[in-house]
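J.: My structure file work37.txt, compact mmCIF, C-alpha atoms and all ligand atoms, is below:
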```txt
# COMPACT_ATOMS: atom_id res chain seq x y z
CA MET A 1 -17.63 37.40 -26.86
CA PRO A 2 -14.39 38.68 -28.43
CA ILE A 3 -13.97 42.42 -28.78
CA GLU A 4 -15.02 43.64 -32.21
CA VAL A 5 -12.26 45.77 -33.68
CA SER A 6 -12.94 48.41 -36.31
CA ILE A 7 -9.73 49.80 -37.79
CA LYS A 8 -9.90 53.19 -39.54
CA LYS A 9 -7.24 55.18 -41.31
CA GLY A 10 -6.72 57.97 -38.82
CA TYR A 11 -8.08 60.11 -36.02
CA ASP A 12 -10.71 61.85 -38.14
CA GLU A 13 -12.22 58.59 -39.26
CA ILE A 14 -12.47 57.09 -35.76
CA SER A 15 -14.02 60.33 -34.48
CA LYS A 16 -16.66 60.37 -37.21
CA ARG A 17 -17.49 56.68 -36.78
CA ALA A 18 -17.98 57.07 -33.03
CA ALA A 19 -20.11 60.18 -33.49
CA LYS A 20 -22.27 58.34 -36.04
CA ILE A 21 -22.85 55.44 -33.62
CA ILE A 22 -23.82 57.89 -30.85
CA ALA A 23 -26.04 59.94 -33.16
CA ASP A 24 -27.84 56.83 -34.44
CA ALA A 25 -28.36 55.67 -30.86
CA ILE A 26 -29.88 59.07 -29.94
CA ARG A 27 -32.16 58.98 -32.99
CA ASN A 28 -33.33 55.48 -32.04
CA LYS A 29 -33.81 56.38 -28.39
CA PRO A 30 -34.12 60.15 -27.80
CA ASN A 31 -33.78 59.69 -24.02
CA LEU A 32 -30.54 57.72 -24.43
CA VAL A 33 -28.40 57.29 -21.31
CA LEU A 34 -24.92 58.02 -22.61
CA GLY A 35 -21.65 57.41 -20.79
CA LEU A 36 -18.94 59.91 -21.71
CA ALA A 37 -15.17 60.04 -21.49
CA THR A 38 -12.59 62.81 -21.33
CA GLY A 39 -8.93 62.92 -22.43
CA SER A 40 -7.75 64.09 -25.84
CA THR A 41 -9.11 61.13 -27.82
CA PRO A 42 -12.87 61.86 -27.77
CA ILE A 43 -12.48 65.55 -28.70
CA GLY A 44 -12.98 64.90 -32.44
CA CYS A 45 -16.07 62.82 -31.75
CA TYR A 46 -17.56 65.64 -29.63
CA ARG A 47 -16.73 68.16 -32.38
CA GLU A 48 -18.61 66.01 -34.88
CA LEU A 49 -21.60 65.65 -32.53
CA VAL A 50 -21.75 69.45 -32.18
CA ARG A 51 -21.69 69.74 -35.98
CA MET A 52 -24.51 67.18 -36.27
CA HIS A 53 -26.55 69.14 -33.73
CA LYS A 54 -26.05 72.42 -35.61
CA GLU A 55 -26.36 71.15 -39.18
CA GLU A 56 -28.58 68.10 -38.88
CA GLY A 57 -30.65 68.97 -35.84
CA LEU A 58 -29.37 66.09 -33.69
CA ASP A 59 -31.50 66.54 -30.59
CA PHE A 60 -29.96 66.20 -27.13
CA SER A 61 -32.97 67.60 -25.25
CA ARG A 62 -33.82 64.27 -23.61
CA VAL A 63 -30.35 62.71 -23.51
CA VAL A 64 -28.92 61.90 -20.07
CA THR A 65 -25.14 61.66 -19.61
CA PHE A 66 -22.77 60.22 -17.02
CA ASN A 67 -19.06 60.99 -17.15
CA LEU A 68 -16.52 58.42 -16.12
CA ASP A 69 -14.43 60.48 -13.76
CA GLU A 70 -13.35 63.77 -12.20
CA TYR A 71 -10.23 65.10 -10.50
CA ILE A 72 -10.51 65.60 -6.76
CA GLY A 73 -9.82 69.18 -5.72
CA LEU A 74 -10.59 70.86 -9.06
CA SER A 75 -13.65 73.11 -9.26
CA PRO A 76 -16.11 72.81 -12.17
CA THR A 77 -14.63 76.02 -13.61
CA HIS A 78 -10.99 74.91 -13.37
CA PRO A 79 -9.74 74.60 -16.98
CA GLN A 80 -8.44 71.06 -16.33
CA SER A 81 -11.51 69.76 -14.54
CA TYR A 82 -13.48 67.22 -16.51
CA ARG A 83 -16.73 69.16 -15.92
CA TYR A 84 -15.14 72.19 -17.58
CA PHE A 85 -13.83 69.99 -20.41
CA MET A 86 -17.30 68.58 -21.10
CA ASP A 87 -18.89 72.04 -21.00
CA GLN A 88 -16.30 73.37 -23.46
CA LYS A 89 -16.19 70.41 -25.83
CA LEU A 90 -19.85 69.40 -25.94
CA PHE A 91 -22.47 70.49 -23.42
CA ASN A 92 -22.35 74.26 -24.11
CA TYR A 93 -22.85 73.71 -27.83
CA VAL A 94 -25.77 71.26 -27.91
CA ASN A 95 -29.27 71.45 -26.44
CA ILE A 96 -28.63 69.11 -23.53
CA LYS A 97 -30.25 70.03 -20.20
CA ARG A 98 -27.60 70.77 -17.59
CA GLU A 99 -29.51 68.79 -14.96
CA ASN A 100 -29.28 65.75 -17.25
CA THR A 101 -25.46 65.85 -17.28
CA HIS A 102 -23.66 64.05 -14.46
CA VAL A 103 -19.95 64.52 -13.75
CA PRO A 104 -18.74 63.39 -10.31
CA ASN A 105 -18.24 66.31 -7.89
CA GLY A 106 -14.51 66.73 -7.27
CA LEU A 107 -15.11 69.24 -4.49
CA SER A 108 -17.45 67.15 -2.35
CA ASP A 109 -17.09 67.23 1.42
CA ASP A 110 -18.28 63.62 1.60
CA PHE A 111 -16.77 61.56 -1.21
CA GLN A 112 -18.28 58.28 -0.03
CA LYS A 113 -21.74 59.85 -0.34
CA THR A 114 -20.91 61.45 -3.71
CA CYS A 115 -19.85 58.06 -5.12
CA GLU A 116 -22.94 56.31 -3.77
CA GLU A 117 -25.22 59.01 -5.17
CA PHE A 118 -23.52 58.75 -8.56
CA GLU A 119 -24.18 54.99 -8.69
CA GLU A 120 -27.74 55.63 -7.49
CA ALA A 121 -28.33 58.19 -10.27
CA ILE A 122 -27.17 55.68 -12.90
CA LYS A 123 -29.58 53.08 -11.48
CA LYS A 124 -32.45 55.59 -11.40
CA SER A 125 -31.82 56.26 -15.10
CA GLU A 126 -32.12 52.49 -15.67
CA GLY A 127 -28.46 52.05 -16.55
CA ILE A 128 -26.14 53.31 -19.25
CA ASP A 129 -27.20 52.41 -22.80
CA LEU A 130 -23.98 53.34 -24.57
CA GLN A 131 -20.62 54.03 -22.93
CA LEU A 132 -17.79 55.81 -24.74
CA LEU A 133 -14.31 54.97 -23.47
CA GLY A 134 -10.71 55.95 -24.10
CA ILE A 135 -7.77 53.88 -22.94
CA GLY A 136 -4.68 54.86 -20.96
CA THR A 137 -1.18 53.67 -21.89
CA THR A 138 -1.41 51.44 -18.80
CA GLY A 139 -4.55 49.83 -20.24
CA HIS A 140 -6.72 51.77 -17.81
CA ILE A 141 -10.34 52.62 -18.48
CA ALA A 142 -11.66 55.70 -16.67
CA PHE A 143 -9.09 55.76 -13.84
CA ASN A 144 -9.24 52.03 -13.13
CA GLU A 145 -5.52 51.40 -13.09
CA PRO A 146 -3.75 48.01 -13.32
CA GLY A 147 -4.70 45.97 -10.26
CA SER A 148 -8.16 47.56 -9.89
CA PRO A 149 -10.73 44.88 -9.08
CA PHE A 150 -12.95 44.00 -12.01
CA ASP A 151 -16.01 44.36 -9.76
CA SER A 152 -15.10 47.87 -8.52
CA ARG A 153 -17.76 50.57 -8.30
CA THR A 154 -17.56 54.38 -8.35
CA ARG A 155 -14.96 55.37 -5.75
CA VAL A 156 -11.94 57.51 -4.91
CA VAL A 157 -8.81 56.24 -6.67
CA ASN A 158 -5.10 57.15 -6.44
CA VAL A 159 -3.76 57.96 -9.90
CA SER A 160 -0.77 55.83 -10.96
CA GLU A 161 2.65 57.39 -11.50
CA GLN A 162 2.47 56.54 -15.22
CA THR A 163 -0.92 58.21 -15.65
CA ILE A 164 0.28 61.30 -13.76
CA LYS A 165 3.16 61.49 -16.26
CA ASP A 166 0.78 60.90 -19.20
CA ASN A 167 -1.57 63.67 -18.05
CA VAL A 168 1.04 66.30 -17.13
CA ARG A 169 0.74 67.67 -20.70
CA PHE A 170 -2.57 69.26 -19.64
CA PHE A 171 -1.08 71.04 -16.60
CA LYS A 172 1.66 73.63 -16.01
CA SER A 173 3.80 71.24 -13.95
CA ILE A 174 3.72 67.72 -12.54
CA ASP A 175 2.94 69.12 -9.06
CA GLU A 176 -0.35 70.48 -10.35
CA VAL A 177 -1.66 67.09 -11.54
CA PRO A 178 -4.18 65.90 -8.94
CA ARG A 179 -3.18 62.61 -7.28
CA GLN A 180 -6.71 61.48 -6.59
CA VAL A 181 -9.87 61.20 -8.66
CA ILE A 182 -13.41 59.92 -8.44
CA SER A 183 -13.76 57.16 -11.01
CA MET A 184 -16.57 54.97 -12.17
CA GLY A 185 -15.54 51.40 -11.35
CA THR A 186 -14.79 48.67 -13.88
CA GLY A 187 -17.88 46.84 -12.61
CA THR A 188 -19.99 49.97 -13.21
CA ILE A 189 -18.62 50.36 -16.74
CA MET A 190 -19.23 46.69 -17.57
CA GLU A 191 -22.95 47.13 -16.87
CA ALA A 192 -23.35 49.50 -19.83
CA ARG A 193 -25.40 47.76 -22.51
CA GLU A 194 -23.02 48.76 -25.29
CA ILE A 195 -19.43 50.01 -25.13
CA ILE A 196 -17.28 51.74 -27.74
CA LEU A 197 -13.62 52.39 -27.01
CA LEU A 198 -11.59 54.87 -29.05
CA ALA A 199 -7.82 54.75 -29.42
CA SER A 200 -5.52 56.73 -31.68
CA GLY A 201 -1.77 56.74 -32.22
CA ALA A 202 1.15 54.38 -31.73
CA GLY A 203 1.35 55.24 -28.03
CA LYS A 204 -1.82 53.20 -27.47
CA ALA A 205 -0.78 50.20 -29.61
CA ASP A 206 0.56 48.13 -26.70
CA ALA A 207 -2.43 48.74 -24.46
CA VAL A 208 -4.82 47.94 -27.33
CA ALA A 209 -3.03 44.70 -28.28
CA LYS A 210 -2.91 43.48 -24.67
CA SER A 211 -6.57 44.33 -24.14
CA VAL A 212 -7.79 42.62 -27.32
CA ASN A 213 -5.47 39.60 -27.64
CA GLY A 214 -3.97 39.14 -24.19
CA PRO A 215 -5.29 37.28 -21.17
CA VAL A 216 -8.18 38.78 -19.21
CA THR A 217 -6.38 40.11 -16.18
CA GLU A 218 -6.78 42.92 -13.66
CA GLU A 219 -3.24 43.94 -14.64
CA VAL A 220 -4.73 45.16 -17.96
CA PRO A 221 -8.04 46.73 -16.93
CA ALA A 222 -9.44 47.04 -20.48
CA SER A 223 -8.94 43.28 -21.06
CA ILE A 224 -12.20 42.69 -19.12
CA LEU A 225 -13.98 44.12 -22.17
CA GLN A 226 -13.34 40.73 -23.87
CA THR A 227 -16.14 39.41 -21.65
CA HIS A 228 -18.62 42.19 -22.54
CA PRO A 229 -21.43 41.08 -24.89
CA ASN A 230 -21.35 44.23 -27.06
CA CYS A 231 -18.02 46.02 -27.12
CA THR A 232 -16.30 47.56 -30.16
CA PHE A 233 -12.84 49.14 -30.31
CA ILE A 234 -12.73 51.88 -32.96
CA ILE A 235 -9.05 52.52 -33.50
CA ASP A 236 -6.77 54.01 -36.09
CA GLU A 237 -4.04 52.15 -37.95
CA ALA A 238 -1.29 53.35 -35.60
CA ALA A 239 -3.18 52.15 -32.51
CA ALA A 240 -3.82 48.82 -34.27
CA SER A 241 -0.18 48.33 -35.27
CA LYS A 242 0.66 45.76 -32.57
CA LEU A 243 -2.54 43.77 -32.73
CA GLU A 244 -1.10 40.64 -34.31
CA SER A 245 2.13 40.58 -32.33
CA ILE A 246 0.61 39.33 -29.05
C1 LIG B 1 -7.40 59.85 -18.66
C2 LIG B 1 -8.87 59.47 -18.50
C3 LIG B 1 -9.26 58.27 -19.34
C4 LIG B 1 -8.71 58.43 -20.75
C5 LIG B 1 -7.22 58.49 -20.70
C6 LIG B 1 -6.58 58.60 -22.06
O1 LIG B 1 -6.55 59.27 -17.73
N1 LIG B 1 -9.22 59.19 -17.14
O2 LIG B 1 -10.67 58.15 -19.34
O3 LIG B 1 -9.13 57.35 -21.54
O4 LIG B 1 -6.83 59.63 -19.93
O5 LIG B 1 -6.46 59.93 -22.45
P1 LIG B 1 -6.09 60.41 -23.91
O6 LIG B 1 -7.30 60.19 -24.73
O7 LIG B 1 -5.77 61.86 -23.75
O8 LIG B 1 -4.93 59.60 -24.35
```
Please lay out the structure from this file as structure tokens.
T.:
Amino acid sequence: MPIEVSIKKGYDEISKRAAKIIADAIRNKPNLVLGLATGSTPIGCYRELVRMHKEEGLDFSRVVTFNLDEYIGLSPTHPQSYRYFMDQKLFNYVNIKRENTHVPNGLSDDFQKTCEEFEEAIKKSEGIDLQLLGIGTTGHIAFNEPGSPFDSRTRVVNVSEQTIKDNVRFFKSIDEVPRQVISMGTGTIMEAREIILLASGAGKADAVAKSVNGPVTEEVPASILQTHPNCTFIIDEAAASKLESI
């Protein structure tokens, strides 16, 4: 099944489209199991979901969420932790139950167990209905970097040099960027029943083109999405600018 590509004018439009898909899915299935992503790209989508909750009564009371990843060594209250990000961008402003939100624990004393329990919790919820993704400039999804096995599960991952450089903008210095994370595996992500991937800006154009038009290879982690039965890329014109050139 080729990846469906929906090209919108700019960041606002991709954010609103993604939020509409998520909102419709929640209205159809109030106990939706929703996979969530961090990074700068989904912020507009979360803003729109908060607006829909406040103005249209979008109800998160039965929604269950699983986040893709978390930095190892950062506490849930650290401003750069992904738990903190989710609280600030979405969870604190909608009526989701805290116990229904799952972000891997970056301060665990037994990471093996934390990863297994995370996978177990997804299974117990009967799998992820709709997974939101971003994409790294390396073509990574979550923190599954080039070379990650397509059948990988939730585990501890070393962050690539390129991704450390990409993410330094969120930290005071490069030394503060954590080198390790817990990340949902590519195999875990591929089990979601529906996937939407957001990309904005020319910096993502290469990764998007390789993922959509290039060969399916572990060197471009997002290329595996070509084999998913229900995956849509919602991207702006800048991120789509290299699509034909591959
Ligand atoms: C991080 C996250 C990814 C995200 C990527 C892109 O590395 N682990 O899930 O897709 O960054 O981030 P941004 O949206 O800020 O470009």
J.: Dump the neighbourhood of ligand LIG 1 (chain B) as an MDAnalysis selection string: all residues within 10 Å, distances computed on all atoms listed in the file.
T.: chainID A and resid 36:43 67:71 82 132:145 159:160 162:164 166:167 169:170 181:184 197:201 203:204
J.: One decimal, Å: what's the distance from atom CA of Asn158 of chain A over to atom CA of Ile234 of chain A, could you say?
T.: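 Here the two named atoms are 28.1 Å from each other.
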J.: With all atoms listed in the file counted, which protein, DNA or RNA residues have an atom no more than 12 Å from (-8.2, 41.3, -16.0) in the file frame? Please answer as a PyMOL selection string.
T.: chain A and resi 139-141+144-151+186-187+210-212+214-227
J.: For each of A:Asp12, A:Asp59, A:Asp236, A:Asp175, take the minimum atom-to-atom distance to Glu161 of chain A, counting all atoms listed in the file, then give the residue where this is smallest.
T.: A:Asp175
J.: Provide the atom CA of Ala202 of chain A to atom CA of Ile235 of chain A distance in Å, to one decimal place.
T.: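 Interatomic distance here is 10.5 Å.
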J.: For segment 91-106 of chain A, please output as a PyMOL selection string all residues within 9 Å (counting all atoms listed in the file; exclusion window: fewer than 3 positions along the same chain).
T.: chain A and resi 49-50+53-54+58-76+81-83+86-88+111+114-115+118+121+181-184
J.: Nearest residue to Lys8 of chain A out of A:Asp24, A:Asp206, A:Glu237, A:Asp109, using all atoms listed in the file?
T.: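 Nearest to Lys8 of chain A: A:Glu237.
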J.: Figure out the distance between atom CA of Val33 of chain A and atom CA of Glu126 of chain A, please, to one decimal in Å.
T.: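 Pair atom CA of Glu126 of chain A / atom CA of Val33 of chain A returns 8.3 Å.
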J.: I'd like to know which of A:Ile122, A:Ile196, A:Val168, A:Leu107 is closest to Ile22 of chain A, using only C-alpha atoms.
T.: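 Ranked by minimum distance to Ile22 of chain A, first place goes to A:Ile196.
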J.: At a cut-off of 8 Å, using only C-alpha atoms, what residues contact Ala192 of chain A? Leave out same-chain residues fewer than 4 positions from it and give the result as number ranges by chain.
T.: A: 127-131, 188
J.: Now that the selection is made, can you save its residues with C-alpha atoms as a tab-separated table (two decimals), keeping the file's coordinate frame?
T.:
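Writing done, so here's out-v8.tsv:
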```
chain	number	residue	atom	x	y	z
A	127	GLY	CA	-28.46	52.05	-16.55
A	128	ILE	CA	-26.14	53.31	-19.25
A	129	ASP	CA	-27.20	52.41	-22.80
A	130	LEU	CA	-23.98	53.34	-24.57
A	131	GLN	CA	-20.62	54.03	-22.93
A	188	THR	CA	-19.99	49.97	-13.21
```
J.: Taking (-19.8, 63.2, -34.0) in the file's coordinates as the center, which residues reach within 6 Å of it, counting only C-alpha atoms, put as a tab-separated table (two decimals) with C-alpha atoms, in the frame of the given file?
T.:
```tsv
chain	number	residue	atom	x	y	z
A	16	LYS	CA	-16.66	60.37	-37.21
A	19	ALA	CA	-20.11	60.18	-33.49
A	20	LYS	CA	-22.27	58.34	-36.04
A	45	CYS	CA	-16.07	62.82	-31.75
A	46	TYR	CA	-17.56	65.64	-29.63
A	48	GLU	CA	-18.61	66.01	-34.88
A	49	LEU	CA	-21.60	65.65	-32.53
```
